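Here the structure is laid out as structure tokens; the discussion comes afterwards.
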Amino acid sequence: MKVLQGINSSCIDLIYLDPPFNKNDTFVGSGKRIKEIKNYFLHLQKIGEFLDEDFDQIFQEENPASFKDIWKKSHVNAEAYTEIADRKPELIPYLEAVRQSTPSGGYYYLIFMVIRLLEMHRTLKDTGSIYLHCDPTMSHYLKGLLDIIFGKENFKNEIVWKRHGVGGSSKSIGKVHDIIFYYVKTPQAKYNPVSIPLTEKQKAVFRMSDTKGIFKTDHLEAQPAMQGGGSHYTYKGYTPELGWLISQEKLKKMDEEGYVHWTKLGKPRRKYYLHEKEGIHINDLWTDFMGIPPMSKERLGYPTQKPLKLLERIIKSSSQEGDWVLDPFCGCATTCLAAESLNRQWIGIDRGKQTYYMLYYRLRNTYPPRQEEKTPPTIHLERKPPIRTDLREDEIKELVQRKQAKENISKIRKKLKHKLSPKDKENAKSSLYEAQAGKCRDCDTYLHPKELTLDHIHPQAKEGIDDLENLQLLCYRCHNLKRLS
């Protein structure tokens, strides 16, 4: 999180994230594959090509590729709720509704995601895009967050990716797909059409031929299922009942260039030549490749590793050469590898210390073009969070004040257990007043401290605890309205 906070605003072109899915489970990696990679580095150390004092310590872990996807209150920073309310208050009612309807783990998982998505939105350029990889466990909740943070109008696609071909059973329907939400920062976002090659079955549809080559035909006139019909005019004596799909000028030009086929019944149809068909533009259902096979050399022992093809498609479609690509949960660095191979600049963030070694290994061993280069690309490993260089003086002052307010709240929290004494409440009110910038949390009105009252966000009557994390300041009007609701 600190790394994201240190990245300048509006400097990233594309973000792909494959965060935890809130599966309430522990994922165990393949120790055998990790051991092979460790032996590779041991060999480099022996011949003096890789000297790193942290290497031995990191690979002493039993299985560095394993992780827990189980969420508790302790995983969320105590001040996260206040930060969300300050930066995007419309998220609060949504999160509270989720808190009422899901197990507590789901609520804390979403808090964890929200504060990171807010930073990602800030770092994206106006021409940037974000792809969030998840599965049906939390996809419906995550889409709600994305709609609020990025705007419903900037939602582009819910991509369904078939990750494996295992079917269902006699007791249930098989679960074979993941979800990838695709949003843009603004309508000016970049997009490059991506096509997939025609299959032999698709090529077999091209059965007709003329002097220009083999072709197939398709409708030029509107069909019954179409909304609004088409353009109405007569061309060469033919008038379709529901109208044409294209203008008269365009139809005439196509006919003159030999792209109109007239049937024996005198109906015109559009020609598509096989030699001009590079492929089919992708849609939101991706089934042409699946997850990495168990015995593939691409597999590195990570239980949730995604295939290189998936990241290459995303990067090709929403960025250009030289653009910056960010993966804030980069794991075994597949995004970084794909970005490097496509001549993009990239940033990978991960808590796992082994990520650096995975990328080092992959760039020199599993990506063939790099093996031929005399000088492999340099990987800059930064262990300390970056410092923003784009802040104005007033923004710096605001961040300092916010940080101080958070520190004051943290000091008070350390002294609290379950019950607040009168003095604790007085201190809490003072810190919250500073954290909320002197405003009522609901109506956003600036008021004197005496005109604001402490309120439990989650009512005590509904098991809300008497804890600073569960407190806010409301004006008396909003407080009374809440009590009556």
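If you're wondering about the labels, chains in the structure tokens are A, B, ... by order shown, residues count from 1 in each chain, ligands from 1 in order shown.
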TODO: Mind checking which residues fall within 9 Å of range 110-123 of chain A, counting only C-alpha atoms, ignoring those fewer than 5 positions away in the same chain, and posting them as a PyMOL selection string?
DONE: chain A and resi 1+4-5+7-13+15+19+75-77+80-81+83-84+87-88+91+95+98+105+130+138+141-142+145-146+149-150+185+328
Task: Non-local contacts of Gly230 in chain A (12 Å; only C-alpha atoms; under 5 positions in same chain excluded) as a list of chain:residue names - done: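 Selected residues are A:His219, A:Leu220, A:Glu221, A:Ala222, A:Gln223, A:Pro224, A:Ala225, A:Thr239, A:Pro240, A:Glu241, A:Leu242, A:Gly243, A:Trp244, A:Leu245, A:Ile246, A:Ser247, A:Gln248.
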- [ ] Would you mind listing what lies within 9 Å of Cys443 in chain A as a ChimeraX atom specification, with only C-alpha atoms counted and same-chain residues fewer than 2 positions away left out?
- [x] /A:439-441,445,474-475,478
Writing out the chosen residues with N, CA and C atoms as a compact mmCIF listing (two decimals), in the first residue's frame:
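Everything below was put into part17.txt:
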```txt
# COMPACT_ATOMS: atom_id res chain seq x y z
N LYS A 439 -16.17 18.46 9.61
CA LYS A 439 -17.44 18.30 8.92
C LYS A 439 -18.25 17.14 9.49
N CYS A 440 -19.57 17.26 9.37
CA CYS A 440 -20.47 16.13 9.68
C CYS A 440 -20.23 15.05 8.63
N ARG A 441 -20.12 13.80 9.07
CA ARG A 441 -19.84 12.72 8.15
C ARG A 441 -20.95 12.50 7.12
N THR A 445 -21.36 19.17 6.30
CA THR A 445 -21.44 20.57 6.71
C THR A 445 -20.35 20.89 7.73
N LEU A 474 -21.35 13.24 13.84
CA LEU A 474 -22.52 13.69 13.07
C LEU A 474 -23.08 14.96 13.71
N CYS A 475 -23.71 15.79 12.87
CA CYS A 475 -24.45 16.91 13.43
C CYS A 475 -25.71 16.34 14.10
N CYS A 478 -28.47 15.01 11.59
CA CYS A 478 -28.16 13.72 10.96
C CYS A 478 -28.20 12.58 11.98
```
TODO: Step one, run DSSP on the backbone; step two, keep only residues of range 157-233 of chain A assigned to strand (DSSP E or B); then write them as a list in words.
DONE: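 Strand (DSSP E or B) assignments inside range 157-233 of chain A correspond to Asn157, Glu158, Ile159, Val160, Trp161, Lys162, His177, Asp178, Ile179, Ile180, Phe181, Tyr182, Tyr183, Val184, Ser195, Ile196, Met208, Ser209, Asp210, Gly213, Ile214, Phe215, Lys216, Thr217, Asp218, Glu221 and Ser231 of chain A.
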- [ ] Could you tell me how far CA of Leu285 in chain A lies from CA of Glu158 in chain A, in Å and to one decimal?
- [x] 8.8 Å
Open item on the list: Between CA of Pro459 in chain A and CA of Arg483 in chain A, what is the distance in Å, rounded to a tenth?
Closed with: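 CA of Arg483 in chain A lies at a distance of 9.3 Å from CA of Pro459 in chain A.
The coordinates place CA of Pro385 in chain A at 24.5 Å from CA of Lys73 in chain A.
Summary of the local environment: counting only C-alpha atoms, residues at most 10 Å from Gly322 in chain A, other than itself and those fewer than 4 positions away along its chain, are Asp13, Ala339, Glu340, Leu342, Asn343, Arg344, Gln345 and Trp346 of chain A.
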Go ahead and write the selection's residues with N, CA and C atoms as a compact mmCIF listing (two decimals), in the first residue's frame.
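Printed below is again23.txt as written:
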```txt
# COMPACT_ATOMS: atom_id res chain seq x y z
N ASP A 13 -0.32 3.95 -17.43
CA ASP A 13 -1.18 3.75 -18.60
C ASP A 13 -2.11 2.56 -18.46
N ALA A 339 4.96 -7.48 -20.10
CA ALA A 339 5.22 -6.07 -20.43
C ALA A 339 6.62 -5.90 -21.03
N GLU A 340 7.60 -6.58 -20.46
CA GLU A 340 8.97 -6.49 -20.97
C GLU A 340 9.05 -7.03 -22.40
N LEU A 342 6.79 -7.04 -24.62
CA LEU A 342 6.05 -6.17 -25.54
C LEU A 342 6.58 -4.74 -25.53
N ASN A 343 7.76 -4.55 -24.99
CA ASN A 343 8.44 -3.24 -24.98
C ASN A 343 7.66 -2.17 -24.22
N ARG A 344 7.07 -2.56 -23.11
CA ARG A 344 6.45 -1.60 -22.20
C ARG A 344 7.35 -1.43 -20.98
N GLN A 345 7.22 -0.27 -20.34
CA GLN A 345 7.85 -0.08 -19.04
C GLN A 345 6.90 -0.62 -17.98
N TRP A 346 7.44 -1.09 -16.86
CA TRP A 346 6.55 -1.75 -15.91
C TRP A 346 7.00 -1.55 -14.47
```
- [ ] Per DSSP on the backbone, filter range 187-288 of chain A down to the residues in alpha helix (DSSP H) and report them as a VMD selection string.
- [x] chain A and resid 200 to 203 248 to 256
Task: Close residues, Lys250 in chain A itself excluded, 12 Å, only C-alpha atoms, min 6 positions apart in chain, as a ChimeraX atom specification - done: /A:220,231,235,244,256-257,259-260,270
Store the residues of this selection in a file with all heavy atoms, as a PDB file, in the first residue's frame.
```pdb
ATOM      1  N   LEU A 220     -26.677  -7.865 -45.809  1.00  0.00           N
ATOM      2  CA  LEU A 220     -26.581  -6.432 -46.037  1.00  0.00           C
ATOM      3  C   LEU A 220     -27.875  -5.731 -45.650  1.00  0.00           C
ATOM      4  O   LEU A 220     -27.924  -4.509 -45.572  1.00  0.00           O
ATOM      5  CB  LEU A 220     -26.273  -6.136 -47.513  1.00  0.00           C
ATOM      6  CG  LEU A 220     -24.793  -6.157 -47.921  1.00  0.00           C
ATOM      7  CD1 LEU A 220     -24.658  -6.091 -49.432  1.00  0.00           C
ATOM      8  CD2 LEU A 220     -24.040  -5.022 -47.264  1.00  0.00           C
ATOM      9  N   SER A 231     -31.715   1.447 -42.848  1.00  0.00           N
ATOM     10  CA  SER A 231     -31.983   2.573 -43.755  1.00  0.00           C
ATOM     11  C   SER A 231     -32.861   2.094 -44.909  1.00  0.00           C
ATOM     12  O   SER A 231     -32.619   1.031 -45.492  1.00  0.00           O
ATOM     13  CB  SER A 231     -30.670   3.134 -44.299  1.00  0.00           C
ATOM     14  OG  SER A 231     -29.818   3.520 -43.246  1.00  0.00           O
ATOM     15  N   TYR A 235     -32.051  -0.128 -54.163  1.00  0.00           N
ATOM     16  CA  TYR A 235     -30.768  -0.196 -54.862  1.00  0.00           C
ATOM     17  C   TYR A 235     -30.836  -1.269 -55.945  1.00  0.00           C
ATOM     18  O   TYR A 235     -31.109  -2.451 -55.644  1.00  0.00           O
ATOM     19  CB  TYR A 235     -29.637  -0.508 -53.882  1.00  0.00           C
ATOM     20  CG  TYR A 235     -28.270  -0.540 -54.528  1.00  0.00           C
ATOM     21  CD1 TYR A 235     -27.660   0.631 -54.936  1.00  0.00           C
ATOM     22  CD2 TYR A 235     -27.613  -1.748 -54.762  1.00  0.00           C
ATOM     23  CE1 TYR A 235     -26.408   0.625 -55.548  1.00  0.00           C
ATOM     24  CE2 TYR A 235     -26.360  -1.770 -55.371  1.00  0.00           C
ATOM     25  CZ  TYR A 235     -25.762  -0.576 -55.762  1.00  0.00           C
ATOM     26  OH  TYR A 235     -24.533  -0.598 -56.371  1.00  0.00           O
ATOM     27  N   TRP A 244     -31.805  -1.393 -45.068  1.00  0.00           N
ATOM     28  CA  TRP A 244     -30.414  -1.795 -45.240  1.00  0.00           C
ATOM     29  C   TRP A 244     -29.602  -1.564 -43.965  1.00  0.00           C
ATOM     30  O   TRP A 244     -29.919  -0.693 -43.167  1.00  0.00           O
ATOM     31  CB  TRP A 244     -29.769  -0.992 -46.375  1.00  0.00           C
ATOM     32  CG  TRP A 244     -30.423  -1.172 -47.716  1.00  0.00           C
ATOM     33  CD1 TRP A 244     -31.424  -0.406 -48.243  1.00  0.00           C
ATOM     34  CD2 TRP A 244     -30.126  -2.167 -48.694  1.00  0.00           C
ATOM     35  NE1 TRP A 244     -31.775  -0.846 -49.490  1.00  0.00           N
ATOM     36  CE2 TRP A 244     -30.990  -1.944 -49.802  1.00  0.00           C
ATOM     37  CE3 TRP A 244     -29.228  -3.219 -48.758  1.00  0.00           C
ATOM     38  CZ2 TRP A 244     -30.965  -2.730 -50.952  1.00  0.00           C
ATOM     39  CZ3 TRP A 244     -29.197  -4.006 -49.890  1.00  0.00           C
ATOM     40  CH2 TRP A 244     -30.060  -3.771 -50.977  1.00  0.00           C
ATOM     41  N   GLU A 256     -19.072  -1.393 -56.347  1.00  0.00           N
ATOM     42  CA  GLU A 256     -18.107  -1.024 -57.378  1.00  0.00           C
ATOM     43  C   GLU A 256     -16.749  -1.682 -57.138  1.00  0.00           C
ATOM     44  O   GLU A 256     -16.010  -1.961 -58.090  1.00  0.00           O
ATOM     45  CB  GLU A 256     -17.946   0.504 -57.411  1.00  0.00           C
ATOM     46  CG  GLU A 256     -19.184   1.236 -57.934  1.00  0.00           C
ATOM     47  CD  GLU A 256     -19.047   2.744 -57.777  1.00  0.00           C
ATOM     48  OE1 GLU A 256     -18.089   3.178 -57.081  1.00  0.00           O
ATOM     49  OE2 GLU A 256     -19.898   3.490 -58.306  1.00  0.00           O
ATOM     50  N   GLU A 257     -16.396  -1.921 -55.875  1.00  0.00           N
ATOM     51  CA  GLU A 257     -15.104  -2.532 -55.531  1.00  0.00           C
ATOM     52  C   GLU A 257     -15.157  -4.053 -55.490  1.00  0.00           C
ATOM     53  O   GLU A 257     -14.164  -4.708 -55.170  1.00  0.00           O
ATOM     54  CB  GLU A 257     -14.622  -1.981 -54.185  1.00  0.00           C
ATOM     55  CG  GLU A 257     -14.289  -0.496 -54.212  1.00  0.00           C
ATOM     56  CD  GLU A 257     -13.925   0.045 -52.846  1.00  0.00           C
ATOM     57  OE1 GLU A 257     -14.087  -0.708 -51.843  1.00  0.00           O
ATOM     58  OE2 GLU A 257     -13.466   1.203 -52.764  1.00  0.00           O
ATOM     59  N   TYR A 259     -17.297  -6.065 -53.612  1.00  0.00           N
ATOM     60  CA  TYR A 259     -17.579  -6.676 -52.310  1.00  0.00           C
ATOM     61  C   TYR A 259     -19.064  -6.977 -52.100  1.00  0.00           C
ATOM     62  O   TYR A 259     -19.503  -7.180 -50.972  1.00  0.00           O
ATOM     63  CB  TYR A 259     -17.078  -5.773 -51.176  1.00  0.00           C
ATOM     64  CG  TYR A 259     -15.577  -5.795 -51.039  1.00  0.00           C
ATOM     65  CD1 TYR A 259     -14.795  -4.832 -51.669  1.00  0.00           C
ATOM     66  CD2 TYR A 259     -14.932  -6.796 -50.315  1.00  0.00           C
ATOM     67  CE1 TYR A 259     -13.412  -4.852 -51.573  1.00  0.00           C
ATOM     68  CE2 TYR A 259     -13.559  -6.821 -50.202  1.00  0.00           C
ATOM     69  CZ  TYR A 259     -12.797  -5.848 -50.836  1.00  0.00           C
ATOM     70  OH  TYR A 259     -11.423  -5.883 -50.737  1.00  0.00           O
ATOM     71  N   VAL A 260     -19.852  -6.998 -53.194  1.00  0.00           N
ATOM     72  CA  VAL A 260     -21.268  -7.349 -53.102  1.00  0.00           C
ATOM     73  C   VAL A 260     -21.526  -8.549 -53.996  1.00  0.00           C
ATOM     74  O   VAL A 260     -21.157  -8.558 -55.182  1.00  0.00           O
ATOM     75  CB  VAL A 260     -22.174  -6.169 -53.514  1.00  0.00           C
ATOM     76  CG1 VAL A 260     -23.650  -6.616 -53.511  1.00  0.00           C
ATOM     77  CG2 VAL A 260     -21.980  -4.992 -52.561  1.00  0.00           C
ATOM     78  N   ARG A 270     -22.989  -9.231 -48.561  1.00  0.00           N
ATOM     79  CA  ARG A 270     -21.630  -8.698 -48.435  1.00  0.00           C
ATOM     80  C   ARG A 270     -20.598  -9.822 -48.533  1.00  0.00           C
ATOM     81  O   ARG A 270     -20.763 -10.895 -47.952  1.00  0.00           O
ATOM     82  CB  ARG A 270     -21.478  -7.978 -47.095  1.00  0.00           C
ATOM     83  CG  ARG A 270     -20.142  -7.323 -46.893  1.00  0.00           C
ATOM     84  CD  ARG A 270     -20.149  -6.434 -45.674  1.00  0.00           C
ATOM     85  NE  ARG A 270     -18.918  -5.679 -45.550  1.00  0.00           N
ATOM     86  CZ  ARG A 270     -18.749  -4.658 -44.720  1.00  0.00           C
ATOM     87  NH1 ARG A 270     -19.745  -4.268 -43.942  1.00  0.00           N
ATOM     88  NH2 ARG A 270     -17.605  -4.012 -44.669  1.00  0.00           N
TER      89      ARG A 270
END
```
Pick out the residues sitting within 6 Å of range 287-296 of chain A, and hand them over as a PDB file with N, CA, C and O atoms, in the first residue's frame; count only C-alpha atoms, and ignore anything fewer than 2 positions along from it in its own chain.
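Below is the file part.pdb, written as the result:
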```pdb
ATOM      1  N   LYS A 162     -12.334 -18.717 -19.516  1.00  0.00           N
ATOM      2  CA  LYS A 162     -12.416 -20.144 -19.175  1.00  0.00           C
ATOM      3  C   LYS A 162     -11.023 -20.628 -18.803  1.00  0.00           C
ATOM      4  O   LYS A 162     -10.165 -20.815 -19.666  1.00  0.00           O
ATOM      5  N   ARG A 163     -10.807 -20.835 -17.507  1.00  0.00           N
ATOM      6  CA  ARG A 163      -9.451 -21.137 -17.035  1.00  0.00           C
ATOM      7  C   ARG A 163      -9.100 -22.618 -17.124  1.00  0.00           C
ATOM      8  O   ARG A 163      -7.927 -22.989 -17.172  1.00  0.00           O
ATOM      9  N   HIS A 164     -10.112 -23.508 -17.109  1.00  0.00           N
ATOM     10  CA  HIS A 164      -9.843 -24.937 -17.308  1.00  0.00           C
ATOM     11  C   HIS A 164     -11.086 -25.623 -17.851  1.00  0.00           C
ATOM     12  O   HIS A 164     -12.175 -25.044 -17.868  1.00  0.00           O
ATOM     13  N   GLU A 298       6.290 -23.330 -18.266  1.00  0.00           N
ATOM     14  CA  GLU A 298       5.911 -21.979 -17.830  1.00  0.00           C
ATOM     15  C   GLU A 298       5.528 -21.954 -16.362  1.00  0.00           C
ATOM     16  O   GLU A 298       5.667 -20.934 -15.681  1.00  0.00           O
ATOM     17  N   ARG A 299       5.047 -23.067 -15.844  1.00  0.00           N
ATOM     18  CA  ARG A 299       4.589 -23.110 -14.452  1.00  0.00           C
ATOM     19  C   ARG A 299       5.759 -22.992 -13.485  1.00  0.00           C
ATOM     20  O   ARG A 299       6.781 -23.644 -13.643  1.00  0.00           O
ATOM     21  N   PRO A 307      -1.518 -17.521 -17.109  1.00  0.00           N
ATOM     22  CA  PRO A 307      -0.690 -17.748 -18.304  1.00  0.00           C
ATOM     23  C   PRO A 307      -0.202 -16.446 -18.929  1.00  0.00           C
ATOM     24  O   PRO A 307      -0.879 -15.415 -18.873  1.00  0.00           O
TER      25      PRO A 307
END
```
Open item on the list: Under the rule that only C-alpha atoms are counted, which of A:Ala428, A:Met208, A:Leu311, A:Ala189 is the nearest residue to Leu337 in chain A?
Closed with: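 Nearest to Leu337 in chain A: A:Leu311.
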Task: Of the listed residues A:Leu310, A:Ile47, A:Met254, A:Ala85, that which approaches Asp18 in chain A most closely, counting only C-alpha atoms - done: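 Using only C-alpha atoms, Asp18 in chain A sits closest to A:Leu310.
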